[in-house]
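The file run35.cif contains mmCIF, C-alpha atoms and all ligand atoms:
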```cif
data_data
loop_
_atom_site.label_atom_id
_atom_site.label_comp_id
_atom_site.auth_asym_id
_atom_site.auth_seq_id
_atom_site.Cartn_x
_atom_site.Cartn_y
_atom_site.Cartn_z
CA MET A 27 0.00 0.00 0.00
CA ALA A 28 1.30 3.45 -0.85
CA LEU A 29 2.00 5.82 2.01
CA THR A 30 -0.70 8.23 3.10
CA GLN A 31 0.19 11.88 3.41
CA GLN A 32 0.03 11.54 7.18
CA GLN A 33 2.43 8.59 7.18
CA THR A 34 4.82 10.44 4.90
CA GLN A 35 4.69 13.44 7.21
CA LYS A 36 5.43 11.25 10.22
CA LEU A 37 8.39 9.58 8.50
CA HIS A 38 9.63 12.97 7.39
CA THR A 39 9.65 14.11 11.03
CA THR A 40 11.46 10.91 12.07
CA ILE A 41 14.09 11.47 9.38
CA GLU A 42 14.64 15.10 10.40
CA GLN A 43 14.94 14.24 14.08
CA ARG A 44 17.34 11.37 13.43
CA HIS A 45 19.34 13.55 11.06
CA GLN A 46 19.65 16.28 13.71
CA ALA A 47 20.63 13.77 16.39
CA LEU A 48 23.30 12.24 14.16
CA LEU A 49 24.66 15.65 13.23
CA SER A 50 25.14 16.65 16.85
CA GLU A 51 26.69 13.26 17.63
CA LEU A 52 29.13 13.75 14.80
CA ARG A 53 29.89 17.31 15.88
CA GLU A 54 30.71 16.02 19.35
CA ASP A 55 32.94 13.36 17.83
CA VAL A 56 34.72 15.98 15.75
CA GLU A 57 35.23 18.10 18.86
CA ARG A 58 36.55 15.10 20.76
CA VAL A 59 39.02 14.24 18.00
CA ARG A 60 40.03 17.88 17.79
CA ARG A 61 40.74 17.95 21.54
CA ASP A 62 42.61 14.63 21.46
CA ARG A 63 44.60 15.81 18.49
CA HIS A 64 45.37 19.05 20.27
CA GLU A 65 46.68 17.19 23.32
CA GLU A 66 48.75 14.86 21.15
CA LEU A 67 50.27 17.82 19.38
CA ALA A 68 50.71 19.98 22.45
CA GLY A 69 54.16 21.45 22.26
CA ALA A 70 54.32 20.88 18.52
CA SER A 71 53.72 23.53 15.89
CA PRO A 72 51.23 26.22 16.96
CA ASP A 73 49.43 25.75 13.63
CA ALA A 74 48.66 22.13 14.38
CA GLY A 75 45.12 22.92 15.52
CA ASP A 76 44.17 24.45 12.19
CA GLU A 77 43.22 21.26 10.48
CA SER A 78 40.02 21.48 8.51
CA VAL A 79 36.89 19.78 9.72
CA ALA A 80 36.96 17.80 6.47
CA THR A 81 40.25 16.22 7.49
CA LEU A 82 38.86 15.39 10.88
CA ILE A 83 35.74 13.91 9.33
CA ALA A 84 37.94 11.83 7.04
CA ASP A 85 39.75 10.53 10.11
CA LEU A 86 36.46 9.86 11.80
CA ASP A 87 35.33 7.91 8.78
CA HIS A 88 37.83 5.22 9.73
CA ALA A 89 36.81 5.27 13.35
CA ASP A 90 33.71 3.96 15.07
CA VAL A 91 31.59 6.82 13.75
CA GLY A 92 31.81 5.55 10.19
CA ARG A 93 28.44 3.96 10.70
CA ASP A 94 26.93 7.26 11.85
CA LEU A 95 28.28 8.97 8.75
CA ASN A 96 26.79 6.24 6.60
CA GLU A 97 23.43 6.62 8.24
CA LEU A 98 23.64 10.38 7.82
CA ARG A 99 24.23 9.94 4.08
CA GLU A 100 21.34 7.51 3.85
CA LEU A 101 19.05 9.93 5.67
CA GLU A 102 20.12 12.73 3.34
CA ALA A 103 19.29 10.50 0.38
CA ALA A 104 15.90 9.79 1.97
CA ARG A 105 15.26 13.54 2.29
CA THR A 106 16.04 13.96 -1.40
CA ARG A 107 13.63 11.18 -2.27
CA LEU A 108 10.97 12.81 -0.10
CA ALA A 109 11.48 16.10 -1.90
CA ASP A 110 11.30 14.35 -5.28
CA GLY A 111 8.20 12.37 -4.36
CA ARG A 112 10.09 9.09 -4.82
CA TYR A 113 10.11 8.24 -1.12
CA GLY A 114 8.74 4.85 -0.09
CA VAL A 115 9.14 3.42 -3.60
CA CYS A 116 11.43 0.41 -3.95
CA ASP A 117 14.60 1.18 -5.91
CA ASP A 118 14.66 -2.26 -7.51
CA CYS A 119 11.07 -3.22 -8.35
CA GLY A 120 9.29 0.14 -8.11
CA GLY A 121 6.80 -1.27 -5.63
CA ASP A 122 5.85 0.21 -2.27
CA ILE A 123 8.36 -0.34 0.51
CA GLY A 124 5.61 -0.25 3.13
CA TYR A 125 4.99 1.92 6.15
CA GLU A 126 6.00 -0.64 8.80
CA ARG A 127 9.38 -1.21 7.18
CA LEU A 128 9.97 2.53 6.77
CA LYS A 129 9.00 3.16 10.38
CA ALA A 130 11.71 0.72 11.45
CA ASN A 131 14.20 2.01 8.89
CA PRO A 132 13.20 5.40 7.42
CA ALA A 133 16.19 5.35 5.08
CA ALA A 134 15.22 2.03 3.45
CA VAL A 135 15.50 2.11 -0.35
CA ARG A 136 14.14 -1.38 -1.08
CA CYS A 137 11.12 -3.44 -0.16
CA ILE A 138 11.79 -6.45 2.02
CA ALA A 139 11.74 -8.92 -0.89
CA CYS A 140 14.26 -6.90 -2.94
CA GLN A 141 16.43 -6.19 0.12
CA THR A 142 16.63 -9.91 0.87
CA ARG A 143 17.55 -10.64 -2.75
CA HIS A 144 20.09 -7.80 -2.75
CA GLU A 145 21.79 -9.14 0.37
CA LYS A 146 21.92 -12.63 -1.09
CA THR A 147 23.42 -11.30 -4.32
CA TYR A 148 25.92 -8.84 -2.88
CA GLY A 149 26.43 -10.29 0.57
CA THR A 150 26.29 -8.46 3.87
CA THR A 151 28.63 -7.89 6.76
CA SER A 152 27.28 -11.09 8.26
CA GLY A 153 28.08 -13.03 5.10
CA SER A 154 31.20 -15.12 4.93
CA SER A 155 33.22 -16.39 2.00
CA LEU A 156 34.39 -19.39 3.98
ZN ZN B 1 11.22 -4.19 -4.38
#
```
As structure tokens, what does this structure read like?
Amino acid sequence: MALTQQQTQKLHTTIEQRHQALLSELREDVERVRRDRHEELAGASPDAGDESVATLIADLDHADVGRDLNELRELEAARTRLADGRYGVCDDCGGDIGYERLKANPAAVRCIACQTRHEKTYGTTSGSSL
């Protein structure tokens, strides 16, 4: 079933709230790295603290916040789909993703059937080549 306007509105709110929460988490992480970096480099060049946020984010990407960054990108993609009126439509089969699935994962781009097939085809983190 396609999403009602009310459901779309609700999911939109969820996406915005999650997006905001992730952004402040990431900002805190950046601040933490900046502080750690500053302590590490204390006594070194006085310019050492001038690293761009982009560099710090790149560092963070390899740390435990990589997942947060991923989710942030997914949420931003979901916002774009909302704006384009493509939200809630499966990327693979063009069918409806379904409200229950979107409530659990507002950034979902595939219906459950296609997601399952996708994971079988491309493997997941839980998959093993052994
Ligand atoms: Zn599908």
Protein and nucleic residues near ligand ZN 1 (chain B), 7 Å, all atoms listed in the file, as a PDB file with C-alpha atoms, in the coordinates of the input:
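Result file out.pdb:
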```pdb
ATOM      1  CA  CYS A 116      11.430   0.410  -3.950  1.00  0.00           C
ATOM      2  CA  ASP A 117      14.600   1.180  -5.910  1.00  0.00           C
ATOM      3  CA  ASP A 118      14.660  -2.260  -7.510  1.00  0.00           C
ATOM      4  CA  CYS A 119      11.070  -3.220  -8.350  1.00  0.00           C
ATOM      5  CA  GLY A 120       9.290   0.140  -8.110  1.00  0.00           C
ATOM      6  CA  GLY A 121       6.800  -1.270  -5.630  1.00  0.00           C
ATOM      7  CA  ILE A 123       8.360  -0.340   0.510  1.00  0.00           C
ATOM      8  CA  ARG A 136      14.140  -1.380  -1.080  1.00  0.00           C
ATOM      9  CA  CYS A 137      11.120  -3.440  -0.160  1.00  0.00           C
ATOM     10  CA  ILE A 138      11.790  -6.450   2.020  1.00  0.00           C
ATOM     11  CA  ALA A 139      11.740  -8.920  -0.890  1.00  0.00           C
ATOM     12  CA  CYS A 140      14.260  -6.900  -2.940  1.00  0.00           C
TER      13      CYS A 140
END
```
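Rounded to one decimal, atom CA of Glu126 of chain A and atom CA of Arg93 of chain A lie 23.0 Å from each other.
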Go through A:Thr39, A:Gln46, A:Thr30, A:Gln141 and flag the residue nearest Asp94 of chain A, using all atoms listed in the file for the distances.
A:Gln46
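Atom CA of Leu49 of chain A lies 28.1 Å from atom CA of Glu145 of chain A.
Going from atom CA of Ala104 of chain A to atom CA of Ile41 of chain A covers 7.8 Å.
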May I have the residues within 10 Å of His38 of chain A as a PyMOL selection string, using all atoms listed in the file and disregarding those fewer than 4 positions away in the same chain?
chain A and resi 32-34+42-44+104-105+108-109+113+132
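For the residues A:Lys129, A:Arg99, A:Arg107, A:Arg112, ranking by smallest atom-to-atom distance to Leu48 of chain A using all atoms listed in the file places A:Arg99 first.
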